[in-house]
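Source file query.cif; content: mmCIF, C-alpha atoms.
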data_entry
loop_
_atom_site.label_atom_id
_atom_site.label_comp_id
_atom_site.auth_asym_id
_atom_site.auth_seq_id
_atom_site.Cartn_x
_atom_site.Cartn_y
_atom_site.Cartn_z
CA MET A 1 32.00 -0.41 -29.76
CA GLU A 2 30.93 -0.33 -26.12
CA ARG A 3 31.63 -3.50 -24.16
CA ILE A 4 31.12 -4.76 -20.66
CA PRO A 5 34.49 -5.78 -19.19
CA ILE A 6 34.95 -9.33 -17.95
CA LEU A 7 37.52 -9.70 -15.17
CA ARG A 8 39.25 -12.94 -14.33
CA MET A 9 39.72 -13.81 -10.65
CA GLY A 10 41.38 -17.17 -10.42
CA GLN A 11 38.86 -19.76 -11.47
CA PHE A 12 35.99 -17.25 -11.45
CA LEU A 13 34.88 -14.48 -13.78
CA LEU A 14 33.62 -11.13 -12.52
CA VAL A 15 31.24 -9.02 -14.55
CA THR A 16 30.08 -5.62 -13.28
CA ILE A 17 27.31 -4.02 -15.25
CA GLN A 18 27.72 -0.28 -14.78
CA VAL A 19 26.00 1.08 -17.88
CA ASP A 20 22.43 0.95 -19.09
CA MET A 21 21.90 -2.45 -20.63
CA HIS A 22 20.58 -2.26 -24.14
CA ASP A 23 19.81 -5.29 -26.21
CA ARG A 24 22.93 -5.33 -28.40
CA LEU A 25 25.16 -4.95 -25.34
CA ALA A 26 23.40 -7.89 -23.71
CA VAL A 27 23.95 -10.14 -26.72
CA GLN A 28 27.60 -9.03 -26.88
CA LEU A 29 28.04 -9.90 -23.18
CA GLN A 30 26.53 -13.32 -23.79
CA ASP A 31 29.03 -13.95 -26.62
CA ASP A 32 32.04 -12.67 -24.69
CA LEU A 33 31.19 -14.53 -21.53
CA THR A 34 30.77 -17.94 -23.14
CA GLU A 35 33.99 -17.32 -25.03
CA LYS A 36 35.93 -16.50 -21.84
CA ILE A 37 34.48 -19.37 -19.83
CA SER A 38 35.68 -21.89 -22.35
CA GLU A 39 39.00 -20.08 -22.92
CA TRP A 40 39.95 -19.92 -19.24
CA SER A 41 37.99 -22.99 -18.11
CA SER A 42 36.28 -20.85 -15.48
CA ARG A 43 34.23 -22.58 -12.79
CA GLY A 44 32.04 -19.69 -11.78
CA VAL A 45 30.62 -16.38 -13.02
CA LEU A 46 29.64 -13.51 -10.74
CA ILE A 47 27.45 -10.82 -12.28
CA ASP A 48 27.06 -7.64 -10.24
CA ILE A 49 23.95 -5.70 -11.22
CA SER A 50 23.78 -3.38 -8.18
CA THR A 51 23.85 -0.28 -10.38
CA LEU A 52 21.30 -1.62 -12.85
CA GLU A 53 18.06 0.28 -12.36
CA ILE A 54 16.01 -0.62 -15.40
CA VAL A 55 15.31 -4.11 -16.68
CA ASP A 56 12.97 -5.48 -19.30
CA SER A 57 11.99 -9.02 -20.17
CA PHE A 58 14.85 -9.25 -22.67
CA ILE A 59 17.53 -8.48 -20.07
CA GLY A 60 15.82 -10.86 -17.66
CA ARG A 61 15.87 -13.63 -20.22
CA MET A 62 19.47 -12.82 -21.04
CA LEU A 63 20.46 -13.37 -17.40
CA ALA A 64 18.66 -16.69 -17.36
CA ASN A 65 20.29 -17.65 -20.67
CA ILE A 66 23.79 -16.76 -19.47
CA ALA A 67 23.26 -18.95 -16.40
CA ALA A 68 22.04 -21.84 -18.52
CA MET A 69 24.91 -21.51 -21.01
CA ALA A 70 27.49 -21.28 -18.22
CA ARG A 71 25.94 -24.38 -16.67
CA VAL A 72 26.50 -26.26 -19.93
CA LEU A 73 30.14 -25.11 -19.84
CA ASP A 74 30.38 -26.33 -16.22
CA ALA A 75 30.38 -22.95 -14.49
CA GLU A 76 28.02 -21.71 -11.79
CA THR A 77 26.42 -18.27 -12.17
CA VAL A 78 25.63 -15.99 -9.25
CA VAL A 79 23.77 -12.70 -9.80
CA VAL A 80 24.41 -10.23 -6.97
CA GLY A 81 23.10 -6.88 -5.75
CA MET A 82 19.74 -6.76 -7.48
CA GLN A 83 17.79 -3.62 -6.57
CA PRO A 84 14.31 -4.02 -5.00
CA ALA A 85 12.65 -2.23 -7.92
CA VAL A 86 14.39 -4.52 -10.40
CA ALA A 87 13.36 -7.62 -8.44
CA ILE A 88 9.72 -6.47 -8.32
CA THR A 89 9.75 -5.72 -12.05
CA LEU A 90 11.12 -9.14 -12.93
CA VAL A 91 8.54 -10.87 -10.72
CA GLU A 92 5.73 -8.82 -12.27
CA LEU A 93 7.05 -9.82 -15.71
CA GLY A 94 6.72 -13.43 -14.57
CA MET A 95 10.45 -14.10 -14.64
CA SER A 96 11.64 -15.86 -11.50
CA LEU A 97 15.08 -16.73 -12.99
CA ALA A 98 14.73 -20.22 -11.56
CA GLY A 99 18.15 -21.45 -12.71
CA VAL A 100 20.07 -18.44 -11.45
CA ARG A 101 21.67 -18.26 -8.02
CA THR A 102 21.53 -14.93 -6.24
CA ALA A 103 23.34 -13.17 -3.39
CA LEU A 104 23.04 -9.86 -1.61
CA ASN A 105 26.44 -8.43 -2.56
CA VAL A 106 29.75 -9.34 -4.18
CA GLU A 107 31.15 -10.61 -0.89
CA THR A 108 28.39 -13.11 -0.17
CA GLY A 109 28.30 -13.95 -3.87
CA MET A 110 31.97 -14.97 -3.85
CA GLU A 111 31.39 -17.00 -0.67
CA LEU A 112 28.56 -18.78 -2.41
CA LEU A 113 30.73 -19.54 -5.44
CA TYR A 114 33.53 -20.96 -3.26
CA GLU A 115 30.95 -22.97 -1.35
CA LEU A 116 29.49 -24.41 -4.56
CA ARG A 117 32.91 -25.24 -5.95
CA GLY A 118 34.14 -26.51 -2.58
CA ASP A 119 31.35 -29.06 -2.54
CA PHE A 120 32.33 -30.09 -6.02
CA HIS A 121 35.99 -30.63 -5.06
CA SER A 122 35.26 -32.51 -1.87
CA GLU A 123 32.92 -34.75 -3.80
CA MET A 124 35.72 -35.47 -6.25
CA GLY A 125 38.20 -36.00 -3.42
CA GLY A 126 35.83 -38.27 -1.52
CA MET B 1 -39.33 36.40 -13.46
CA SER B 2 -39.36 34.97 -9.98
CA LYS B 3 -39.82 37.24 -7.00
CA LEU B 4 -38.20 34.71 -4.73
CA PRO B 5 -34.64 36.16 -4.61
CA GLU B 6 -35.97 39.57 -3.76
CA MET B 7 -38.24 38.17 -1.06
CA ILE B 8 -35.47 36.13 0.50
CA SER B 9 -33.13 39.11 0.76
CA LYS B 10 -35.86 41.31 2.14
CA HIS B 11 -37.10 38.96 4.85
CA GLN B 12 -33.83 37.15 5.55
CA GLU B 13 -33.85 37.77 9.33
CA ALA B 14 -37.52 36.84 9.69
CA ILE B 15 -37.04 33.60 7.76
CA ARG B 16 -34.03 32.73 9.87
CA ALA B 17 -35.83 33.35 13.13
CA ASP B 18 -38.73 31.21 11.95
CA TRP B 19 -36.37 28.48 10.74
CA LEU B 20 -34.52 28.26 14.08
CA LYS B 21 -37.76 28.34 16.03
CA GLN B 22 -39.28 25.45 14.11
CA MET B 23 -36.12 23.41 13.92
CA SER B 24 -36.97 20.19 15.75
CA GLY B 25 -34.75 18.50 18.26
CA ALA B 26 -33.77 15.81 15.75
CA VAL B 27 -32.36 18.40 13.39
CA ARG B 28 -30.72 20.45 16.08
CA ARG B 29 -28.96 17.63 17.93
CA ALA B 30 -28.00 19.72 20.94
CA ASP B 31 -25.82 16.83 22.11
CA LEU B 32 -23.56 17.18 19.07
CA MET B 33 -23.35 20.89 18.45
CA SER B 34 -24.01 24.14 20.32
CA ASN B 35 -26.77 26.68 19.66
CA GLU B 36 -24.21 29.33 18.76
CA GLU B 37 -22.77 27.09 16.07
CA ILE B 38 -26.15 26.35 14.51
CA ASP B 39 -26.94 30.05 14.73
CA SER B 40 -23.86 31.09 12.79
CA GLN B 41 -24.27 28.26 10.29
CA SER B 42 -27.85 29.22 9.50
CA ARG B 43 -26.94 32.90 9.13
CA GLU B 44 -24.05 32.16 6.80
CA LEU B 45 -26.10 29.77 4.70
CA LEU B 46 -29.07 32.10 4.34
CA THR B 47 -26.84 35.07 3.46
CA THR B 48 -25.02 33.14 0.75
CA ILE B 49 -28.31 31.74 -0.60
CA ALA B 50 -29.80 35.22 -0.74
CA SER B 51 -26.80 36.66 -2.60
CA GLY B 52 -26.61 33.64 -4.90
CA ALA B 53 -30.29 33.86 -5.78
CA LYS B 54 -30.02 37.60 -6.35
CA SER B 55 -27.09 37.52 -8.77
CA GLY B 56 -27.21 34.00 -10.22
CA GLY B 57 -30.91 33.19 -10.45
CA ILE B 58 -32.57 30.22 -8.75
CA THR B 59 -32.67 27.68 -11.56
CA ASN B 60 -28.98 26.96 -12.12
CA LEU B 61 -26.79 26.48 -9.05
CA ASP B 62 -23.58 25.68 -10.94
CA GLY B 63 -22.61 29.28 -11.73
CA PRO B 64 -19.99 31.37 -9.97
CA ALA B 65 -22.68 33.39 -8.19
CA TRP B 66 -23.57 30.27 -6.18
CA THR B 67 -19.98 29.37 -5.31
CA PRO B 68 -20.13 30.93 -1.78
CA ALA B 69 -23.36 29.04 -1.06
CA ARG B 70 -21.91 25.77 -2.31
CA GLU B 71 -18.78 26.31 -0.22
CA ALA B 72 -20.85 27.14 2.85
CA LEU B 73 -22.86 23.93 2.38
CA ALA B 74 -19.69 21.90 1.90
CA ALA B 75 -18.20 23.36 5.09
CA ILE B 76 -21.41 22.69 7.03
CA SER B 77 -21.67 19.08 5.91
CA ALA B 78 -17.94 18.48 6.43
CA SER B 79 -18.14 19.72 10.01
CA ARG B 80 -21.30 17.65 10.59
CA ALA B 81 -19.68 14.55 9.15
CA LYS B 82 -16.87 14.96 11.69
CA GLN B 83 -19.31 15.62 14.54
CA GLY B 84 -21.11 12.35 13.87
CA PHE B 85 -24.35 13.46 12.17
CA THR B 86 -26.05 11.03 9.84
CA THR B 87 -26.59 11.83 6.17
CA SER B 88 -30.33 12.39 6.62
CA GLU B 89 -29.85 14.64 9.64
CA THR B 90 -27.52 16.79 7.58
CA ALA B 91 -29.88 16.91 4.60
CA ILE B 92 -32.88 17.71 6.80
CA PHE B 93 -31.05 20.72 8.20
CA VAL B 94 -31.27 22.28 4.72
CA LEU B 95 -34.70 20.88 3.87
CA SER B 96 -36.20 22.27 7.08
CA LEU B 97 -35.76 25.69 5.53
CA LYS B 98 -38.77 24.89 3.33
CA GLN B 99 -41.44 25.56 5.92
CA PRO B 100 -40.41 29.13 6.87
CA LEU B 101 -39.73 29.94 3.24
CA PHE B 102 -43.17 28.73 2.11
CA ALA B 103 -44.84 30.56 4.96
CA MET B 104 -43.10 33.75 3.92
CA VAL B 105 -44.12 33.30 0.27
CA ARG B 106 -47.74 32.70 1.28
CA LYS B 107 -47.82 35.81 3.46
CA GLU B 108 -46.20 38.02 0.82
CA LEU B 109 -48.35 36.90 -2.10
CA ALA B 110 -51.58 36.32 -0.23
CA ALA B 111 -53.47 38.23 -2.91
CA SER B 112 -52.77 35.83 -5.79
CA PRO B 113 -52.95 32.06 -5.08
CA ASP B 114 -51.49 31.20 -8.53
CA ALA B 115 -48.35 33.18 -7.85
CA VAL B 116 -48.03 31.50 -4.44
CA PHE B 117 -48.08 28.07 -6.01
CA ASP B 118 -45.57 29.16 -8.65
CA GLU B 119 -43.08 30.57 -6.17
CA ILE B 120 -43.44 27.64 -3.79
CA TRP B 121 -42.65 25.24 -6.59
CA LYS B 122 -39.53 27.23 -7.46
CA ALA B 123 -38.49 27.34 -3.81
CA THR B 124 -38.94 23.56 -3.54
CA LEU B 125 -36.67 22.96 -6.53
CA LEU B 126 -34.07 25.35 -5.12
CA LEU B 127 -34.00 23.71 -1.71
CA ASP B 128 -33.95 20.20 -3.15
CA ASN B 129 -30.89 21.14 -5.17
CA LEU B 130 -29.22 22.62 -2.12
CA ALA B 131 -29.98 19.47 -0.13
CA LEU B 132 -28.45 17.33 -2.87
CA ILE B 133 -25.29 19.43 -2.82
CA THR B 134 -25.16 18.96 0.95
CA ALA B 135 -25.55 15.20 0.71
CA ASP B 136 -22.85 14.99 -1.96
CA ALA B 137 -20.44 17.04 0.11
CA PHE B 138 -21.25 14.94 3.17
CA GLN B 139 -20.43 11.76 1.33
CA THR B 140 -17.20 13.16 -0.12
CA THR B 141 -16.02 14.04 3.38
CA ARG B 142 -16.84 10.56 4.64
CA GLU B 143 -15.03 8.94 1.74
CA LYS B 144 -11.94 11.05 2.38
CA PHE B 145 -12.05 9.88 5.99
CA ILE B 146 -12.16 6.26 4.98
CA ALA B 147 -9.38 6.64 2.41
CA ARG B 148 -7.14 8.31 4.96
CA GLN B 149 -7.83 5.64 7.56
CA GLN B 150 -7.06 2.90 5.05
CA GLU B 151 -3.76 4.59 4.27
CA GLU B 152 -2.88 4.83 7.94
CA LEU B 153 -3.82 1.21 8.48
CA MET B 154 -1.62 0.19 5.58
CA GLU B 155 1.40 1.96 7.03
CA LEU B 156 0.77 0.67 10.52
CA SER B 157 0.31 -2.95 9.62
CA THR B 158 3.52 -3.72 7.76
CA PRO B 159 6.50 -3.39 10.08
CA VAL B 160 9.78 -5.11 9.21
CA VAL B 161 11.59 -6.26 12.35
CA LYS B 162 15.23 -7.18 12.65
CA LEU B 163 15.58 -10.34 14.77
CA TRP B 164 19.32 -10.80 14.50
CA ASP B 165 22.19 -9.79 12.27
CA GLY B 166 21.10 -10.88 8.82
CA ILE B 167 17.66 -12.12 9.88
CA LEU B 168 14.48 -10.09 9.34
CA ALA B 169 10.92 -10.85 10.39
CA LEU B 170 7.80 -9.54 8.72
CA PRO B 171 4.67 -10.23 10.76
CA ILE B 172 1.64 -9.77 8.52
CA ILE B 173 -1.64 -8.86 10.24
CA GLY B 174 -4.85 -8.87 8.23
CA THR B 175 -5.76 -9.97 4.74
CA LEU B 176 -3.23 -9.53 1.96
CA ASP B 177 -4.68 -7.76 -1.06
CA SER B 178 -2.81 -6.47 -4.09
CA ALA B 179 -2.24 -2.98 -2.70
CA ARG B 180 -0.92 -4.29 0.61
CA THR B 181 1.26 -6.88 -1.06
CA GLN B 182 2.92 -4.06 -2.96
CA VAL B 183 3.65 -2.19 0.30
CA VAL B 184 4.77 -5.35 2.08
CA MET B 185 7.02 -6.35 -0.81
CA GLU B 186 8.61 -2.93 -1.12
CA SER B 187 9.26 -2.47 2.58
CA LEU B 188 10.67 -5.99 2.91
CA LEU B 189 13.02 -5.65 -0.07
CA GLN B 190 14.13 -2.22 1.08
CA ALA B 191 14.89 -3.60 4.54
CA VAL B 192 16.81 -6.52 2.99
CA VAL B 193 19.08 -4.07 1.18
CA GLN B 194 19.49 -1.76 4.19
CA THR B 195 20.28 -4.44 6.75
CA ASN B 196 22.08 -6.78 4.38
CA SER B 197 19.93 -9.67 5.54
CA ARG B 198 20.19 -13.15 4.10
CA PHE B 199 17.02 -14.42 5.71
CA ALA B 200 13.51 -12.99 5.91
CA ILE B 201 10.81 -14.70 7.94
CA ILE B 202 7.28 -13.93 6.78
CA ASP B 203 4.93 -14.67 9.65
CA ILE B 204 1.32 -15.22 8.61
CA THR B 205 -0.13 -15.94 12.06
CA GLY B 206 -2.26 -12.81 11.71
CA VAL B 207 -3.58 -13.57 8.25
CA PRO B 208 -7.16 -14.80 8.71
CA THR B 209 -7.51 -16.72 5.45
CA VAL B 210 -5.19 -17.83 2.69
CA ASP B 211 -6.72 -18.21 -0.75
CA THR B 212 -5.03 -18.64 -4.10
CA LEU B 213 -4.66 -14.88 -4.53
CA VAL B 214 -2.98 -14.40 -1.14
CA ALA B 215 -0.70 -17.35 -1.86
CA GLN B 216 0.20 -15.89 -5.22
CA HIS B 217 1.06 -12.57 -3.58
CA LEU B 218 3.22 -14.34 -1.01
CA LEU B 219 5.04 -16.31 -3.70
CA LYS B 220 5.71 -13.10 -5.64
CA THR B 221 7.29 -11.51 -2.57
CA ILE B 222 9.38 -14.61 -1.93
CA THR B 223 10.57 -14.75 -5.55
CA ALA B 224 11.53 -11.08 -5.52
CA ALA B 225 13.49 -11.55 -2.29
CA ARG B 226 15.23 -14.58 -3.76
CA LEU B 227 16.23 -12.57 -6.83
CA MET B 228 17.99 -10.16 -4.51
CA GLY B 229 19.79 -12.95 -2.74
CA ALA B 230 17.68 -13.30 0.39
CA GLU B 231 15.87 -16.45 1.40
CA CYS B 232 12.32 -16.33 2.75
CA ILE B 233 10.80 -18.62 5.33
CA ILE B 234 7.04 -18.66 5.89
CA SER B 235 6.04 -19.21 9.49
CA GLY B 236 2.85 -19.18 11.51
CA VAL B 237 0.98 -21.59 9.26
CA ARG B 238 -2.05 -22.65 11.27
CA PRO B 239 -3.49 -26.15 10.86
CA GLN B 240 -6.60 -24.92 9.04
CA ILE B 241 -4.45 -22.87 6.69
CA ALA B 242 -2.24 -25.86 5.94
CA GLN B 243 -5.40 -27.78 5.02
CA THR B 244 -6.69 -24.95 2.85
CA ILE B 245 -3.37 -24.67 1.02
CA VAL B 246 -3.37 -28.36 0.17
CA HIS B 247 -7.05 -28.39 -0.82
CA LEU B 248 -6.52 -25.42 -3.13
CA GLY B 249 -3.57 -27.16 -4.74
CA ILE B 250 -1.16 -24.31 -4.02
CA ASP B 251 2.40 -25.39 -4.68
CA LEU B 252 4.68 -24.32 -1.85
CA ALA B 253 7.26 -27.01 -2.57
CA ASN B 254 10.05 -24.50 -3.21
CA VAL B 255 9.31 -22.50 -0.08
CA ILE B 256 10.44 -23.32 3.42
CA THR B 257 7.42 -23.29 5.73
CA LYS B 258 7.39 -23.61 9.51
CA ALA B 259 4.56 -23.82 12.01
CA LYS B 260 6.01 -21.34 14.48
CA LEU B 261 8.06 -18.19 14.17
CA ALA B 262 10.48 -19.69 16.71
CA ASP B 263 11.13 -22.68 14.43
CA ALA B 264 11.80 -20.40 11.49
CA PHE B 265 14.15 -18.26 13.60
CA ALA B 266 16.03 -21.36 14.78
CA LEU B 267 16.44 -22.50 11.17
CA ALA B 268 17.68 -19.08 10.03
CA LEU B 269 20.19 -18.98 12.91
CA GLN B 270 21.41 -22.45 12.02
CA ARG B 271 21.81 -21.52 8.35
CA THR B 272 23.84 -18.45 9.27
CA GLY B 273 26.07 -20.61 11.45
CA LYS B 274 24.74 -19.56 14.83
CA THR B 275 23.05 -21.43 17.62
CA VAL B 276 21.33 -20.72 20.89
CA VAL B 277 22.80 -22.54 23.90
CA ALA B 278 21.70 -22.64 27.50
CA MET B 279 23.98 -21.04 30.08
CA ASP B 280 25.96 -23.72 31.85
CA SER B 281 24.36 -24.86 35.10
CA GLY B 282 27.13 -23.43 37.34
CA ASN B 283 26.52 -19.97 35.98
CA ALA B 284 22.79 -20.32 36.31
CA LYS B 285 23.10 -21.36 39.97
CA LYS B 286 25.34 -18.41 40.73
CA THR B 287 22.83 -16.03 39.22
CA LEU B 288 20.07 -17.60 41.22
CA PHE B 289 22.13 -17.45 44.40
CA LYS B 290 22.93 -13.75 43.90
CA LYS B 291 19.30 -12.96 43.47
CA GLU B 292 18.41 -14.67 46.71
CA GLU B 293 21.05 -12.72 48.55
#

Can you present the structure in this file as structure tokens?
Amino acid sequence: MERIPILRMGQFLLVTIQVDMHDRLAVQLQDDLTEKISEWSSRGVLIDISTLEIVDSFIGRMLANIAAMARVLDAETVVVGMQPAVAITLVELGMSLAGVRTALNVETGMELLYELRGDFHSEMGG
Amino acid sequence: MSKLPEMISKHQEAIRADWLKQMSGAVRRADLMSNEEIDSQSRELLTTIASGAKSGGITNLDGPAWTPAREALAAISASRAKQGFTTSETAIFVLSLKQPLFAMVRKELAASPDAVFDEIWKATLLLDNLALITADAFQTTREKFIARQQEELMELSTPVVKLWDGILALPIIGTLDSARTQVVMESLLQAVVQTNSRFAIIDITGVPTVDTLVAQHLLKTITAARLMGAECIISGVRPQIAQTIVHLGIDLANVITKAKLADAFALALQRTGKTVVAMDSGNAKKTLFKKEE
């Protein structure tokens, strides 16, 4: 069965969605991701959707759900590279993904993750 | 069977001469178009009417026989719409054909008053229909004008300006309606992707009023930009607008708002780790000194 690969980069997970998301694939990703976060004690998840051109309310909700679940498992989620058309569609569907952090590309997304985690560590240190 | 088509073809030149002679100054509008133009227009129209009436009858003007006449009328009213004629002036141009036509009918059928009345009635109906076609065509031309101007205005009024690396500005002039919001949103998001900008400043100095609908459109744009990873700052909020926003109960708590574009720019610079500093005084003096030399 088709799966979306989840890459491990130190304390972060990297997910690149390069195929058309259909509903079963989305649910599978949700399962795999929560599994991996708890297995590797990851502190952040970066989801690259720059090649995703079509979204529906289900995929939108899935992104919000993944962020919420990761938050429960103590990991931050950053969604990067959303296309203008996708952003407009989500807004028109009334989904603002309030709990999800966003960045322009993978680079700024990783910076944001380090920043978020850096704050966390300095708080602990201080 | 009406004798009108036959009469029109037969006396076409006489009718036209009569028509031009009696055409009043108001219809002619010598300031807007030349005599030659009106001459050729009247000839073309009368010829197409004569051929239309001959082959298509005078009761139904929708048939293919009347197509040349309809096209001639459309061309005439389109050119008059561009030249600045009013609707009634354009319609009267066609309606003024009544007098010469009636005169011709009366002369031709002088022997039988009943037939005169009959033909005049038919001629009236024919010319009224032609005038209606003219008015319709006139209005269509005007509407096309307006639509095209609106389009041009839409394109002109939504520029996205790059202020610095990673900082965009979007000065909005005029009221935001749904159609414009769509254009604004698309061009902003496209520019965010192209220039890789983390900050977008939406300046609403030029927006005359902000109501709930405009605010909703703004919030949509801001949310879409946020989804892509860019942060929006609203600037140019005038005091009256700030009051209106609060009175309407619009929630802008999650949006950064600034009074001036400069303030928003300063904030965006600060967030991207840049700052504007004055040249040190020694340098400034040297520059001044050089200038004086």

With a cut-off of 7 Å, could you pull out the residues of chain A touching chain B and give me the nearest pair of atoms for each, distance in Å to one decimal, using all atoms listed in the file, ordered by chain and ascending number, as CSV?
residue,atom,partner,partner_atom,distance
A:Val80,CA,B:Gly229,CA,6.8
A:Gly81,CA,B:Met228,CA,6.2
A:Met82,CA,B:Met228,CA,4.8
A:Gln83,CA,B:Met228,CA,6.9
A:Pro84,CA,B:Leu189,CA,5.4
A:Ala87,CA,B:Ala224,CA,4.9
A:Ile88,CA,B:Ala224,CA,5.7
A:Val91,CA,B:Ala224,CA,6.0
A:Ser96,CA,B:Thr223,CA,6.1
A:Thr102,CA,B:Gly229,CA,4.4
A:Ala103,CA,B:Gly229,CA,3.6
A:Leu104,CA,B:Gly229,CA,4.6

Given the selection you just returned, output its residues as a file containing C-alpha atoms, formatted as a CSV table (one decimal), keeping the file's coordinate frame.
chain,number,residue,atom,x,y,z
A,80,VAL,CA,24.4,-10.2,-7.0
A,81,GLY,CA,23.1,-6.9,-5.8
A,82,MET,CA,19.7,-6.8,-7.5
A,83,GLN,CA,17.8,-3.6,-6.6
A,84,PRO,CA,14.3,-4.0,-5.0
A,87,ALA,CA,13.4,-7.6,-8.4
A,88,ILE,CA,9.7,-6.5,-8.3
A,91,VAL,CA,8.5,-10.9,-10.7
A,96,SER,CA,11.6,-15.9,-11.5
A,102,THR,CA,21.5,-14.9,-6.2
A,103,ALA,CA,23.3,-13.2,-3.4
A,104,LEU,CA,23.0,-9.9,-1.6

| field | Selection result of the PyMOL selection byres ((chain B and resi 95) around 12) on this file, as a PyMOL selection string | value | chain B and resi 19+23+27+88-94+96-102+123-135

Residues as selected, C-alpha atoms, written as a tab-separated table (two decimals), in the coordinates of the input, can you do that?
chain	number	residue	atom	x	y	z
B	19	TRP	CA	-36.37	28.48	10.74
B	23	MET	CA	-36.12	23.41	13.92
B	27	VAL	CA	-32.36	18.40	13.39
B	88	SER	CA	-30.33	12.39	6.62
B	89	GLU	CA	-29.85	14.64	9.64
B	90	THR	CA	-27.52	16.79	7.58
B	91	ALA	CA	-29.88	16.91	4.60
B	92	ILE	CA	-32.88	17.71	6.80
B	93	PHE	CA	-31.05	20.72	8.20
B	94	VAL	CA	-31.27	22.28	4.72
B	96	SER	CA	-36.20	22.27	7.08
B	97	LEU	CA	-35.76	25.69	5.53
B	98	LYS	CA	-38.77	24.89	3.33
B	99	GLN	CA	-41.44	25.56	5.92
B	100	PRO	CA	-40.41	29.13	6.87
B	101	LEU	CA	-39.73	29.94	3.24
B	102	PHE	CA	-43.17	28.73	2.11
B	123	ALA	CA	-38.49	27.34	-3.81
B	124	THR	CA	-38.94	23.56	-3.54
B	125	LEU	CA	-36.67	22.96	-6.53
B	126	LEU	CA	-34.07	25.35	-5.12
B	127	LEU	CA	-34.00	23.71	-1.71
B	128	ASP	CA	-33.95	20.20	-3.15
B	129	ASN	CA	-30.89	21.14	-5.17
B	130	LEU	CA	-29.22	22.62	-2.12
B	131	ALA	CA	-29.98	19.47	-0.13
B	132	LEU	CA	-28.45	17.33	-2.87
B	133	ILE	CA	-25.29	19.43	-2.82
B	134	THR	CA	-25.16	18.96	0.95
B	135	ALA	CA	-25.55	15.20	0.71

If you take every atom of stretch 4-10 of chain B that the file lists and fit an axis-aligned box around them with 5 Å extra on each side, what centre and edge lengths come out in Å to one decimal, as lines of an AutoDock Vina configuration file?
center_x = -35.7
center_y = 38.0
center_z = -1.3
size_x = 15.1
size_y = 16.6
size_z = 16.9

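Rounded to one decimal, atom CA of B:Ser42 and atom CA of B:Asp62 lie 21.2 Å from each other.
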
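Atom pair atom CA of A:Ile49 / atom CA of B:Ile234: separated by 27.3 Å.
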
| Protein/DNA/RNA residues near (13.1, -18.2, 7.2), cut 6 Å, all atoms listed in the file, as an NGL selection string | :B and (199-201 or 232-233 or 264 or 268)

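In this model, the gap between atom CA of B:Gln139 and atom CA of B:Gln83 comes to 13.8 Å.
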
| What do you get, as a PyMOL selection string, if you spell out every residue that the PyMOL selection byres ((chain B and resi 59) around 9) selects here? | chain B and resi 53+56-58+60-61+122+125-126

| Once the PyMOL selection byres ((chain A and resi 52-60) around 10) has been applied to the shown file, what residues remain in the selection, as a PyMOL selection string? | chain A and resi 16-23+25-27+48-51+61-65+81-87+89-90+93-97

| task | Tell me, as a count of residues only, which residues lie within 9 Å of A:Arg43, counting all atoms listed in the file; anything in the same chain fewer than 6 positions away does not count. | result | 12

| said: Which polymer residues, whether protein, DNA or RNA, lie within 7 Å of the coordinate (35.5, -11.7, -7.3) when you count all atoms listed in the file? List them as a list in words, using the chain letters and numbers from the file. | reply: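 Answer for this query, in the requested form: Met9, Phe12, Leu14, Val106 and Met110 of chain A.
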
| query | Which residue gives the smallest distance to B:Asp118 among B:Leu73, B:Leu4, B:Val160, B:Ile15, with all atoms listed in the file counted? | reply |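 Distance minimum relative to B:Asp118 lands on B:Leu4.
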
| Option closest in space to B:Thr87, from B:Val116, B:Arg142, B:Ala103, B:Leu46 [counting all atoms listed in the file] |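 So, comparing all the options, the nearest one is B:Arg142.
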
| field | Polymer residues at most 12 Å from B:Gly174, all atoms listed in the file, same-chain spacing of 5 or more positions, as a ChimeraX atom specification | value | /B:153-154,156-158,180-181,184,203-210,214

| note | Of A:Leu29, A:Ala67, A:Ala98, A:Leu116, the one sitting nearest B:Asn254 when using only C-alpha atoms is A:Ala98

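Taking only C-alpha atoms, the non-local environment of B:Thr86 within 10 Å (same-chain residues fewer than 5 positions away omitted) comprises B:Ser77, B:Arg80, B:Ala81, B:Ala91, B:Phe138.
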